[in-house]
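Source file: work07.cif; contents: mmCIF, C-alpha atoms.
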```
data_final
loop_
_atom_site.label_atom_id
_atom_site.label_comp_id
_atom_site.auth_asym_id
_atom_site.auth_seq_id
_atom_site.Cartn_x
_atom_site.Cartn_y
_atom_site.Cartn_z
CA MET A 1 -121.42 107.91 203.17
CA SER A 2 -118.76 105.45 202.07
CA PHE A 3 -117.83 102.57 204.34
CA LEU A 4 -114.26 102.65 202.96
CA ALA A 5 -111.42 104.61 204.52
CA ASP A 6 -110.67 108.11 203.23
CA SER A 7 -107.03 107.08 202.77
CA LEU A 8 -108.03 104.89 199.82
CA SER A 9 -108.95 108.00 197.86
CA ARG A 10 -105.30 109.08 197.99
CA ILE A 11 -104.00 106.08 196.07
CA LYS A 12 -104.74 104.08 192.93
CA PRO A 13 -104.33 100.40 192.02
CA SER A 14 -100.93 99.49 190.58
CA PRO A 15 -101.02 100.50 186.89
CA THR A 16 -98.52 97.81 185.88
CA ILE A 17 -100.59 95.07 187.49
CA ALA A 18 -103.71 96.57 185.90
CA VAL A 19 -102.15 96.37 182.42
CA THR A 20 -101.09 92.75 182.96
CA THR A 21 -104.57 91.88 184.21
CA LYS A 22 -106.23 93.61 181.25
CA ALA A 23 -103.99 91.75 178.79
CA ALA A 24 -104.85 88.42 180.45
CA GLU A 25 -108.56 89.22 180.28
CA LEU A 26 -108.36 90.05 176.57
CA LYS A 27 -106.45 86.84 175.88
CA ALA A 28 -109.09 84.84 177.77
CA ALA A 29 -111.72 86.51 175.59
CA GLY A 30 -109.94 85.28 172.47
CA ARG A 31 -107.98 88.41 171.51
CA ASP A 32 -104.47 88.05 170.10
CA VAL A 33 -102.60 90.07 172.72
CA ILE A 34 -98.90 90.35 173.48
CA GLY A 35 -98.32 91.57 177.02
CA LEU A 36 -95.25 93.75 177.50
CA GLY A 37 -96.38 95.23 180.80
CA ALA A 38 -95.13 92.78 183.41
CA GLY A 39 -91.84 93.35 185.22
CA GLU A 40 -91.21 89.64 185.53
CA PRO A 41 -88.40 87.53 184.04
CA ASP A 42 -89.73 84.72 181.87
CA PHE A 43 -87.01 82.32 183.04
CA ASP A 44 -87.71 79.55 185.54
CA THR A 45 -86.33 79.76 189.07
CA PRO A 46 -82.97 77.88 189.04
CA ASP A 47 -83.18 74.22 190.04
CA HIS A 48 -80.89 74.45 193.07
CA ILE A 49 -83.17 77.09 194.57
CA LYS A 50 -86.31 75.05 193.97
CA GLN A 51 -84.59 72.00 195.47
CA ALA A 52 -83.74 73.97 198.61
CA ALA A 53 -87.46 74.70 199.06
CA ILE A 54 -88.34 71.04 198.55
CA ASP A 55 -85.70 70.01 201.07
CA ALA A 56 -87.06 72.51 203.60
CA ILE A 57 -90.52 70.99 203.25
CA GLY A 58 -89.00 67.55 203.75
CA ARG A 59 -87.33 68.74 206.95
CA GLY A 60 -90.65 70.06 208.23
CA GLU A 61 -89.66 73.72 208.14
CA THR A 62 -93.29 74.75 207.89
CA LYS A 63 -93.77 76.67 211.13
CA TYR A 64 -93.62 80.32 212.13
CA THR A 65 -90.27 82.02 211.79
CA PRO A 66 -88.93 85.19 213.46
CA ILE A 67 -90.61 88.31 212.08
CA ASN A 68 -87.40 89.55 210.47
CA GLY A 69 -86.63 86.20 208.88
CA THR A 70 -84.87 82.99 209.81
CA VAL A 71 -81.35 83.18 211.19
CA VAL A 72 -80.15 81.17 208.18
CA LEU A 73 -81.61 83.66 205.72
CA ARG A 74 -80.41 86.73 207.60
CA GLU A 75 -76.93 85.23 207.77
CA ALA A 76 -77.05 84.68 204.00
CA ILE A 77 -78.20 88.29 203.49
CA ALA A 78 -75.45 89.65 205.76
CA GLU A 79 -72.85 87.63 203.85
CA LYS A 80 -74.26 88.82 200.51
CA PHE A 81 -74.08 92.48 201.61
CA SER A 82 -70.49 91.99 202.77
CA ARG A 83 -69.32 89.97 199.75
CA GLU A 84 -71.00 91.95 196.98
CA ASN A 85 -71.47 95.44 198.40
CA GLY A 86 -68.81 95.86 201.07
CA LEU A 87 -71.50 96.55 203.69
CA ASP A 88 -71.45 95.06 207.18
CA TYR A 89 -74.78 94.50 208.90
CA GLY A 90 -75.58 92.58 212.07
CA LEU A 91 -78.52 90.20 212.09
CA ASP A 92 -80.53 92.78 214.04
CA GLU A 93 -79.88 95.26 211.22
CA ILE A 94 -81.59 93.12 208.58
CA SER A 95 -85.28 92.98 207.70
CA VAL A 96 -87.00 90.34 205.55
CA GLY A 97 -90.47 90.89 204.13
CA CYS A 98 -93.00 89.58 201.62
CA GLY A 99 -91.20 91.04 198.62
CA GLY A 100 -89.31 94.28 198.27
CA LYS A 101 -92.62 96.18 198.18
CA GLN A 102 -93.48 95.20 201.75
CA VAL A 103 -90.01 96.13 202.96
CA LEU A 104 -90.41 99.60 201.42
CA PHE A 105 -93.94 99.88 202.79
CA ASN A 106 -92.80 98.95 206.30
CA ALA A 107 -90.00 101.53 206.20
CA ILE A 108 -92.27 104.34 205.04
CA LEU A 109 -95.06 103.47 207.46
CA ALA A 110 -92.61 103.24 210.35
CA THR A 111 -91.09 106.68 209.72
CA ILE A 112 -93.55 109.03 208.03
CA ASN A 113 -95.64 111.49 210.00
CA PRO A 114 -98.44 113.48 208.32
CA GLY A 115 -96.91 116.09 206.03
CA ASP A 116 -93.42 114.56 205.90
CA GLU A 117 -91.94 114.73 202.40
CA VAL A 118 -90.24 112.01 200.36
CA VAL A 119 -88.16 113.02 197.34
CA ILE A 120 -88.83 110.64 194.46
CA PRO A 121 -86.94 111.00 191.15
CA ALA A 122 -89.28 110.65 188.17
CA PRO A 123 -89.74 108.46 186.26
CA TYR A 124 -90.23 106.16 189.23
CA TRP A 125 -91.57 102.73 190.09
CA VAL A 126 -95.33 103.18 190.29
CA SER A 127 -95.71 102.19 193.96
CA TYR A 128 -93.35 104.72 195.57
CA PRO A 129 -95.72 107.74 195.61
CA ASP A 130 -98.77 105.73 196.62
CA ILE A 131 -97.01 104.11 199.56
CA VAL A 132 -95.98 107.58 200.75
CA LEU A 133 -99.53 108.90 200.29
CA LEU A 134 -101.05 105.98 202.17
CA ALA A 135 -98.73 106.75 205.09
CA GLY A 136 -99.90 110.37 205.11
CA GLY A 137 -96.71 111.73 203.56
CA VAL A 138 -96.13 113.99 200.57
CA PRO A 139 -94.31 112.63 197.50
CA VAL A 140 -92.03 115.30 196.00
CA LYS A 141 -91.40 114.33 192.40
CA VAL A 142 -88.18 115.46 190.73
CA SER A 143 -88.25 114.96 186.96
CA ALA A 144 -85.30 113.77 184.90
CA ASP A 145 -85.99 113.15 181.23
CA ALA A 146 -84.06 111.42 178.47
CA ALA A 147 -81.72 114.40 178.07
CA ASP A 148 -80.68 113.88 181.72
CA GLY A 149 -80.23 110.15 181.18
CA PHE A 150 -83.33 109.80 183.40
CA LYS A 151 -81.12 110.63 186.42
CA ILE A 152 -81.41 113.56 188.80
CA SER A 153 -78.49 115.90 189.42
CA PRO A 154 -77.23 117.06 192.83
CA GLU A 155 -78.64 120.51 191.97
CA LYS A 156 -82.12 119.10 191.40
CA LEU A 157 -81.88 117.07 194.60
CA GLU A 158 -80.81 120.15 196.58
CA ALA A 159 -83.71 122.16 195.20
CA ALA A 160 -86.21 119.48 196.26
CA ILE A 161 -85.06 119.14 199.86
CA THR A 162 -86.94 121.14 202.52
CA ALA A 163 -87.18 121.11 206.30
CA LYS A 164 -89.97 118.55 205.90
CA THR A 165 -87.95 116.06 203.81
CA LYS A 166 -87.65 112.66 205.50
CA TRP A 167 -86.42 110.39 202.71
CA VAL A 168 -84.91 110.37 199.24
CA ILE A 169 -85.55 107.21 197.19
CA ILE A 170 -82.91 106.08 194.69
CA ASN A 171 -83.67 103.19 192.33
CA SER A 172 -80.67 102.05 190.27
CA PRO A 173 -80.84 100.39 187.79
CA SER A 174 -84.26 101.92 187.39
CA ASN A 175 -87.73 100.70 186.75
CA PRO A 176 -89.00 101.97 184.29
CA THR A 177 -85.98 103.35 182.41
CA GLY A 178 -83.13 100.91 183.07
CA SER A 179 -80.83 103.86 183.80
CA GLY A 180 -78.19 103.39 186.48
CA TYR A 181 -76.20 105.80 188.62
CA THR A 182 -72.43 105.41 188.44
CA ALA A 183 -70.29 105.47 191.58
CA ASP A 184 -69.29 109.08 190.87
CA GLU A 185 -72.90 110.12 190.35
CA LEU A 186 -73.90 108.51 193.64
CA LYS A 187 -71.01 110.25 195.41
CA ALA A 188 -72.23 113.59 194.05
CA LEU A 189 -75.74 112.93 195.38
CA ALA A 190 -74.23 111.80 198.67
CA ALA A 191 -72.38 115.10 199.00
CA THR A 192 -75.71 116.89 198.79
CA LEU A 193 -77.30 114.57 201.34
CA ALA A 194 -74.36 115.02 203.70
CA ALA A 195 -75.38 118.66 204.12
CA HIS A 196 -78.89 117.62 205.23
CA PRO A 197 -78.61 115.37 208.31
CA ASN A 198 -82.41 115.24 208.64
CA VAL A 199 -82.74 113.42 205.31
CA TRP A 200 -82.42 109.64 205.01
CA ALA A 201 -81.80 107.65 201.83
CA MET A 202 -83.65 104.55 200.66
CA THR A 203 -81.94 102.66 197.84
CA ASP A 204 -83.92 100.14 195.82
CA ASP A 205 -81.29 97.79 194.36
CA ILE A 206 -83.61 95.06 193.08
CA TYR A 207 -82.04 95.12 189.56
CA GLU A 208 -78.47 95.04 190.90
CA HIS A 209 -77.37 92.00 188.89
CA ILE A 210 -79.15 92.85 185.63
CA THR A 211 -76.70 95.24 183.96
CA TYR A 212 -75.04 95.54 180.55
CA ASP A 213 -72.17 97.04 178.58
CA GLY A 214 -69.72 97.19 181.46
CA PHE A 215 -71.95 99.18 183.79
CA VAL A 216 -70.63 98.61 187.32
CA PHE A 217 -73.33 98.56 189.97
CA LYS A 218 -72.71 100.38 193.24
CA THR A 219 -75.09 101.21 196.06
CA LEU A 220 -75.15 104.49 197.98
CA ALA A 221 -73.94 103.26 201.38
CA GLN A 222 -71.07 101.49 199.62
CA VAL A 223 -69.68 104.63 197.96
CA ALA A 224 -70.66 106.97 200.81
CA PRO A 225 -70.08 105.04 204.05
CA GLU A 226 -70.61 108.25 206.01
CA LEU A 227 -74.31 107.95 205.10
CA LYS A 228 -74.70 104.28 206.10
CA ASP A 229 -76.28 105.19 209.46
CA ARG A 230 -79.14 106.91 207.63
CA THR A 231 -79.48 104.66 204.60
CA LEU A 232 -81.83 101.72 204.10
CA THR A 233 -80.40 99.40 201.44
CA VAL A 234 -83.29 97.43 199.92
CA ASN A 235 -83.02 94.39 197.67
CA GLY A 236 -84.73 91.08 196.96
CA VAL A 237 -84.63 87.85 195.00
CA SER A 238 -87.51 88.52 192.59
CA LYS A 239 -85.63 89.78 189.54
CA ALA A 240 -82.09 88.38 189.51
CA PHE A 241 -83.27 84.89 190.53
CA SER A 242 -86.64 84.94 188.72
CA MET A 243 -88.47 84.42 192.02
CA THR A 244 -91.28 86.98 191.73
CA GLY A 245 -93.90 84.62 193.14
CA TRP A 246 -91.79 83.50 196.10
CA ARG A 247 -92.23 86.97 197.71
CA VAL A 248 -88.94 87.62 199.48
CA GLY A 249 -87.45 91.09 199.85
CA TYR A 250 -84.89 92.28 202.36
CA ALA A 251 -83.04 95.33 203.61
CA GLY A 252 -80.10 96.35 205.71
CA GLY A 253 -80.23 99.47 207.85
CA PRO A 254 -79.86 101.05 211.28
CA LYS A 255 -81.08 98.91 214.16
CA GLU A 256 -83.72 101.38 215.36
CA LEU A 257 -85.29 101.58 211.90
CA ILE A 258 -85.25 97.81 211.45
CA LYS A 259 -86.93 97.43 214.84
CA GLY A 260 -89.68 99.84 213.78
CA MET A 261 -90.19 98.00 210.51
CA SER A 262 -90.44 94.72 212.42
CA LYS A 263 -93.11 96.24 214.65
CA ILE A 264 -95.19 97.15 211.58
CA GLN A 265 -94.72 93.71 210.05
CA SER A 266 -95.64 91.97 213.31
CA GLN A 267 -99.15 93.37 212.90
CA SER A 268 -99.52 92.60 209.20
CA SER A 269 -97.98 89.55 207.51
CA THR A 270 -95.85 88.45 210.52
CA HIS A 271 -93.26 87.01 208.11
CA THR A 272 -92.91 85.67 204.60
CA SER A 273 -93.25 81.96 203.87
CA SER A 274 -90.77 79.74 205.69
CA ILE A 275 -90.30 77.74 202.50
CA SER A 276 -89.63 80.87 200.45
CA GLN A 277 -87.05 81.91 203.03
CA ALA A 278 -85.20 78.61 202.64
CA ALA A 279 -85.19 79.08 198.88
CA ALA A 280 -83.96 82.68 199.21
CA ALA A 281 -81.10 81.60 201.48
CA ALA A 282 -80.00 79.11 198.82
CA ALA A 283 -80.28 81.79 196.13
CA LEU A 284 -78.14 84.32 197.98
CA SER A 285 -75.55 81.74 199.03
CA GLY A 286 -75.27 79.93 195.70
CA SER A 287 -73.58 80.53 192.37
CA LEU A 288 -74.73 83.24 189.98
CA ASP A 289 -73.37 81.41 186.93
CA PHE A 290 -76.87 80.94 185.53
CA LEU A 291 -77.09 84.71 185.08
CA ASP A 292 -74.62 84.67 182.17
CA GLU A 293 -77.16 82.91 179.95
CA TRP A 294 -80.01 85.13 181.13
CA LEU A 295 -78.07 88.34 180.54
CA THR A 296 -77.07 87.20 177.07
CA ALA A 297 -80.75 86.70 176.28
CA PHE A 298 -81.70 90.06 177.81
CA ARG A 299 -79.02 91.85 175.75
CA GLN A 300 -80.33 90.28 172.54
CA ARG A 301 -83.87 91.29 173.41
CA ARG A 302 -82.81 94.81 174.36
CA GLY A 303 -80.99 95.27 171.07
CA LEU A 304 -83.98 94.07 169.06
CA VAL A 305 -86.48 96.24 170.92
CA VAL A 306 -84.37 99.42 170.89
CA GLY A 307 -83.66 99.01 167.17
CA MET A 308 -87.24 98.31 166.15
CA ILE A 309 -88.75 101.02 168.34
CA ASN A 310 -86.32 103.59 166.94
CA ASP A 311 -87.44 102.52 163.46
CA ALA A 312 -91.06 103.25 164.38
CA GLU A 313 -92.28 106.63 163.12
CA GLY A 314 -92.54 109.17 165.93
CA LEU A 315 -90.81 107.12 168.65
CA ASP A 316 -87.38 107.57 170.21
CA CYS A 317 -85.76 105.00 172.49
CA ARG A 318 -82.56 105.16 174.59
CA THR A 319 -80.46 102.05 175.24
CA PRO A 320 -80.68 101.26 178.98
CA ALA A 321 -77.75 100.22 181.18
CA GLY A 322 -79.73 97.71 183.23
CA ALA A 323 -83.01 96.04 184.23
CA PHE A 324 -85.25 94.71 181.42
CA TYR A 325 -87.25 97.73 180.35
CA VAL A 326 -87.05 100.45 177.74
CA TYR A 327 -88.80 103.79 178.15
CA PRO A 328 -89.33 105.30 174.70
CA SER A 329 -90.54 108.82 174.08
CA CYS A 330 -93.76 108.98 172.10
CA ALA A 331 -93.70 112.78 171.76
CA GLY A 332 -93.57 112.37 167.99
CA VAL A 333 -97.01 110.78 167.80
CA ILE A 334 -98.84 113.16 170.13
CA GLY A 335 -101.41 115.16 168.14
CA ARG A 336 -101.62 112.64 165.30
CA LYS A 337 -104.84 110.90 164.27
CA THR A 338 -105.65 107.21 164.28
CA PRO A 339 -107.30 105.58 161.24
CA ASP A 340 -110.62 106.05 163.08
CA GLY A 341 -110.04 109.79 163.34
CA ALA A 342 -109.25 109.92 167.07
CA VAL A 343 -106.44 112.25 168.15
CA ILE A 344 -103.57 110.81 170.23
CA GLU A 345 -103.60 113.39 173.03
CA ASP A 346 -101.09 111.85 175.45
CA ASP A 347 -99.13 108.70 176.23
CA SER A 348 -102.17 107.11 177.88
CA GLY A 349 -104.05 107.54 174.62
CA PHE A 350 -101.13 106.10 172.68
CA VAL A 351 -100.85 102.91 174.76
CA SER A 352 -104.65 102.49 174.53
CA TYR A 353 -104.35 102.79 170.76
CA LEU A 354 -101.59 100.13 170.70
CA LEU A 355 -103.72 97.74 172.73
CA GLU A 356 -106.96 98.31 170.85
CA SER A 357 -105.54 98.40 167.32
CA GLN A 358 -102.64 95.94 167.53
CA GLY A 359 -103.12 93.93 170.71
CA VAL A 360 -99.86 95.13 172.30
CA ALA A 361 -100.05 95.88 176.03
CA THR A 362 -97.56 98.45 177.36
CA VAL A 363 -97.69 100.94 180.25
CA GLN A 364 -98.20 104.69 179.87
CA GLY A 365 -95.53 107.07 181.10
CA ALA A 366 -98.09 108.91 183.23
CA ALA A 367 -98.03 105.92 185.59
CA PHE A 368 -94.31 106.51 186.19
CA GLY A 369 -94.52 110.27 186.60
CA LEU A 370 -92.94 111.40 183.32
CA GLU A 371 -94.74 112.02 180.02
CA PRO A 372 -94.94 111.53 177.07
CA TYR A 373 -93.22 108.13 177.34
CA PHE A 374 -94.29 104.52 177.69
CA ARG A 375 -92.66 101.43 179.19
CA ILE A 376 -91.95 98.16 177.43
CA SER A 377 -90.77 95.12 179.37
CA TYR A 378 -88.52 92.91 177.24
CA ALA A 379 -88.65 90.03 179.72
CA THR A 380 -90.22 87.76 177.13
CA SER A 381 -89.12 85.77 174.07
CA LEU A 382 -87.41 87.27 171.03
CA GLY A 383 -90.20 85.98 168.84
CA LYS A 384 -92.91 87.76 170.85
CA LEU A 385 -90.85 90.93 171.04
CA GLU A 386 -90.25 90.99 167.30
CA ASP A 387 -93.96 90.45 166.65
CA ALA A 388 -94.96 93.12 169.18
CA CYS A 389 -92.49 95.71 167.90
CA GLY A 390 -93.60 95.04 164.34
CA ARG A 391 -97.15 95.75 165.43
CA ILE A 392 -96.05 98.97 167.14
CA GLN A 393 -94.32 100.05 163.91
CA LYS A 394 -97.52 99.28 162.00
CA ALA A 395 -99.62 101.27 164.49
CA CYS A 396 -97.31 104.29 164.22
CA ALA A 397 -97.25 104.14 160.42
CA ALA A 398 -101.05 104.22 160.36
CA LEU A 399 -101.19 107.57 162.17
CA SER A 400 -101.72 110.73 160.13
#
```
Represent the structure of the file as structure tokens.
Amino acid sequence: MSFLADSLSRIKPSPTIAVTTKAAELKAAGRDVIGLGAGEPDFDTPDHIKQAAIDAIGRGETKYTPINGTVVLREAIAEKFSRENGLDYGLDEISVGCGGKQVLFNAILATINPGDEVVIPAPYWVSYPDIVLLAGGVPVKVSADAADGFKISPEKLEAAITAKTKWVIINSPSNPTGSGYTADELKALAATLAAHPNVWAMTDDIYEHITYDGFVFKTLAQVAPELKDRTLTVNGVSKAFSMTGWRVGYAGGPKELIKGMSKIQSQSSTHTSSISQAAAAAALSGSLDFLDEWLTAFRQRRGLVVGMINDAEGLDCRTPAGAFYVYPSCAGVIGRKTPDGAVIEDDSGFVSYLLESQGVATVQGAAFGLEPYFRISYATSLGKLEDACGRIQKACAALS
């Protein structure tokens, strides 16, 4: 009889972290590996943010903080929501956690009863279904492939909603596809949700500031204020400020929900680092001018990767509107044979082939709920991306 909880059998370790770990292990063993699995900007945290953390240490801000975050940080978050999203939240309507993942986890754990359903558009960020499963809920996956722009329609949303539906999760721009919902598309989804007062919306806006080609970011509560009282607007500093290791996520939502999330957090992490909170307050209150240079680099990388992947035999890659991922189809290589005679049976087999034959680490589409695709993160240098994509072309050309 296992000592471990039965609930662990419902979930799996994060596939994206597993790929990054495997790549690091191979590198340590002397293999020439290029890791394209991590969803982490390769830029340094801006200096003014780092200095704010240093200053906080100098002031002795090293003690416990309120569970939902310092007043200074929550004020900065409230001002950010108002300034950038046209959303007004009181300080008791804001939650701060150890990264966006904990904020999402707290919200799901605070609201899901056994058997409650959560509608999750696929492809999705790998953690959404597992968090729901751990809470005893049922993830309801709604697929949207490349022909749909990787975005669900109001009709698909309507078909997925039942009397048991508790939440719908919307991630825009998306991990893993980079697709983003326009204001009109969000309004259309909102019209469907308006007819189902039992259903709440959770929007994951972590890639809000990483957009291209004139795409204008909007969040659901902004375009559909009538849904604000049943929407949790989630964000964080990890991606736009290159602060993945600082572990600060936040959300704005109805007071009762925020109170429940705080109750969960009070019995887990208590709060995120006081020093990280000082840095996050500086990030949210400061200039975003540094992003111009980062976005220029991301656009160059995106163009190179999309072009080279589309030149690879059997692959097809859309140009994303945001984030720093591409999600190519590998349908054209399924069924082909490797030089060793093995048949590529699915996207998991294809990414294994890329890693074993060429030392390129990517993530299989199965991890994101839509096959046969795979995810490439282009949050690394042009030189590494060119080398990696050249290897992918070589691997595809070697298939028969």
Output of the PyMOL selection byres ((chain A and resi 264-273) around 7), listed as a VMD selection string: chain A and resid 65 67 to 69 97 to 98 106 110 248 260 to 263 274 to 277
Using C-alpha atoms, can you export the residues from the last selection as a PDB file, in the coordinates of the input?
```pdb
ATOM      1  CA  THR A  65     -90.270  82.020 211.790  1.00  0.00           C
ATOM      2  CA  ILE A  67     -90.610  88.310 212.080  1.00  0.00           C
ATOM      3  CA  ASN A  68     -87.400  89.550 210.470  1.00  0.00           C
ATOM      4  CA  GLY A  69     -86.630  86.200 208.880  1.00  0.00           C
ATOM      5  CA  GLY A  97     -90.470  90.890 204.130  1.00  0.00           C
ATOM      6  CA  CYS A  98     -93.000  89.580 201.620  1.00  0.00           C
ATOM      7  CA  ASN A 106     -92.800  98.950 206.300  1.00  0.00           C
ATOM      8  CA  ALA A 110     -92.610 103.240 210.350  1.00  0.00           C
ATOM      9  CA  VAL A 248     -88.940  87.620 199.480  1.00  0.00           C
ATOM     10  CA  GLY A 260     -89.680  99.840 213.780  1.00  0.00           C
ATOM     11  CA  MET A 261     -90.190  98.000 210.510  1.00  0.00           C
ATOM     12  CA  SER A 262     -90.440  94.720 212.420  1.00  0.00           C
ATOM     13  CA  LYS A 263     -93.110  96.240 214.650  1.00  0.00           C
ATOM     14  CA  SER A 274     -90.770  79.740 205.690  1.00  0.00           C
ATOM     15  CA  ILE A 275     -90.300  77.740 202.500  1.00  0.00           C
ATOM     16  CA  SER A 276     -89.630  80.870 200.450  1.00  0.00           C
ATOM     17  CA  GLN A 277     -87.050  81.910 203.030  1.00  0.00           C
TER      18      GLN A 277
END
```
Picked residues, the PyMOL selection byres ((chain A and resi 196-204) around 8), expected as number ranges by chain: A: 163, 165-172, 192-195, 205-206, 219-220, 230-235
Residues returned when the PyMOL selection byres ((chain A and resi 286-288) around 10) runs on this file, as a ChimeraX atom specification: /A:46,48-49,76,209,240-241,280-285,289-292
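With distances taken over all atoms listed in the file, A:Gln364 is the one residue among A:Ser329, A:Gln364, A:Gln51, A:Ser14 lying closest to Val351 of chain A.
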For atom CA of Phe81 of chain A and atom CA of Ala38 of chain A, the interatomic separation in Å (one decimal):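 So the two atoms, atom CA of Phe81 of chain A and atom CA of Ala38 of chain A, lie 27.8 Å apart.
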Test item: residues at most 10 Å from Asn85 of chain A, all atoms listed in the file, excluding those fewer than 4 positions along its chain, as a ChimeraX atom specification: /A:79-81,217-223
Residue nearest Val138 of chain A - candidates A:Asp316, A:Glu117, A:Glu158, A:Glu61, atoms counted: only C-alpha atoms: A:Glu117
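Counting only C-alpha atoms and comparing A:Val237, A:Phe324, A:Asp116, A:Glu155, the residue that lies closest to Pro173 of chain A is A:Phe324.
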Point-to-point distance from atom CA of Gly35 of chain A to atom CA of Gly178 of chain A, Å rounded to tenths: 18.8 Å
Residue contacts of Tyr128 of chain A (9 Å, all atoms listed in the file) excluding same-chain residues fewer than 2 positions away, as number ranges by chain: A: 101, 104-105, 120, 124-126, 130-133, 139, 169
Option closest in space to Tyr207 of chain A, from A:Val72, A:Ile344, A:Ala321, A:Val19 [counting only C-alpha atoms]: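 Answer, going by the shortest atom-to-atom distance: A:Ala321.
Restricting the calculation to all atoms listed in the file, the smallest distance between Gln358 of chain A and any of A:Gly390, A:Pro123, A:Gly149, A:Pro15 is found for A:Gly390.
Atom CA of Ala379 of chain A lies 27.8 Å from atom CA of Leu399 of chain A.
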Selected residue of minimal separation from Gly115 of chain A among A:Lys164, A:Lys228, A:Arg83, A:Lys384, counting only C-alpha atoms: A:Lys164
Contacts of Ile334 of chain A at 8 Å (all atoms listed in the file; same-chain gap of 2+ positions) as a list in words: Cys330, Ala331, Gly332, Arg336, Val343, Ile344, Glu345, Asp346, Asp347 and Phe350 of chain A
Please complete segment 377-388 of chain A so it has N, CA and C atoms, and hand it over as an mmCIF file, in the coordinates of the input.
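That gives us rebuild-v2.cif:
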```
data_model
loop_
_atom_site.group_PDB
_atom_site.id
_atom_site.type_symbol
_atom_site.label_atom_id
_atom_site.label_comp_id
_atom_site.auth_asym_id
_atom_site.auth_seq_id
_atom_site.Cartn_x
_atom_site.Cartn_y
_atom_site.Cartn_z
ATOM 1 N N SER A 377 -91.593 96.139 178.712
ATOM 2 C CA SER A 377 -90.770 95.120 179.370
ATOM 3 C C SER A 377 -90.332 94.120 178.309
ATOM 4 N N TYR A 378 -88.999 93.903 178.217
ATOM 5 C CA TYR A 378 -88.520 92.910 177.240
ATOM 6 C C TYR A 378 -88.158 91.585 177.916
ATOM 7 N N ALA A 379 -88.850 91.306 179.021
ATOM 8 C CA ALA A 379 -88.650 90.030 179.720
ATOM 9 C C ALA A 379 -89.560 88.957 179.126
ATOM 10 N N THR A 380 -89.480 88.803 177.814
ATOM 11 C CA THR A 380 -90.220 87.760 177.130
ATOM 12 C C THR A 380 -89.418 87.333 175.902
ATOM 13 N N SER A 381 -89.913 86.382 175.144
ATOM 14 C CA SER A 381 -89.120 85.770 174.070
ATOM 15 C C SER A 381 -88.851 86.737 172.926
ATOM 16 N N LEU A 382 -87.747 86.462 172.197
ATOM 17 C CA LEU A 382 -87.410 87.270 171.030
ATOM 18 C C LEU A 382 -88.525 87.256 170.000
ATOM 19 N N GLY A 383 -89.130 86.096 169.821
ATOM 20 C CA GLY A 383 -90.200 85.980 168.840
ATOM 21 C C GLY A 383 -91.377 86.884 169.174
ATOM 22 N N LYS A 384 -91.796 86.899 170.439
ATOM 23 C CA LYS A 384 -92.910 87.760 170.850
ATOM 24 C C LYS A 384 -92.532 89.231 170.750
ATOM 25 N N LEU A 385 -91.296 89.538 171.105
ATOM 26 C CA LEU A 385 -90.850 90.930 171.040
ATOM 27 C C LEU A 385 -90.803 91.433 169.604
ATOM 28 N N GLU A 386 -90.309 90.596 168.701
ATOM 29 C CA GLU A 386 -90.250 90.990 167.300
ATOM 30 C C GLU A 386 -91.651 91.220 166.745
ATOM 31 N N ASP A 387 -92.576 90.317 167.079
ATOM 32 C CA ASP A 387 -93.960 90.450 166.650
ATOM 33 C C ASP A 387 -94.570 91.731 167.221
ATOM 34 N N ALA A 388 -94.368 91.953 168.528
ATOM 35 C CA ALA A 388 -94.960 93.120 169.180
ATOM 36 C C ALA A 388 -94.400 94.420 168.619
#
```
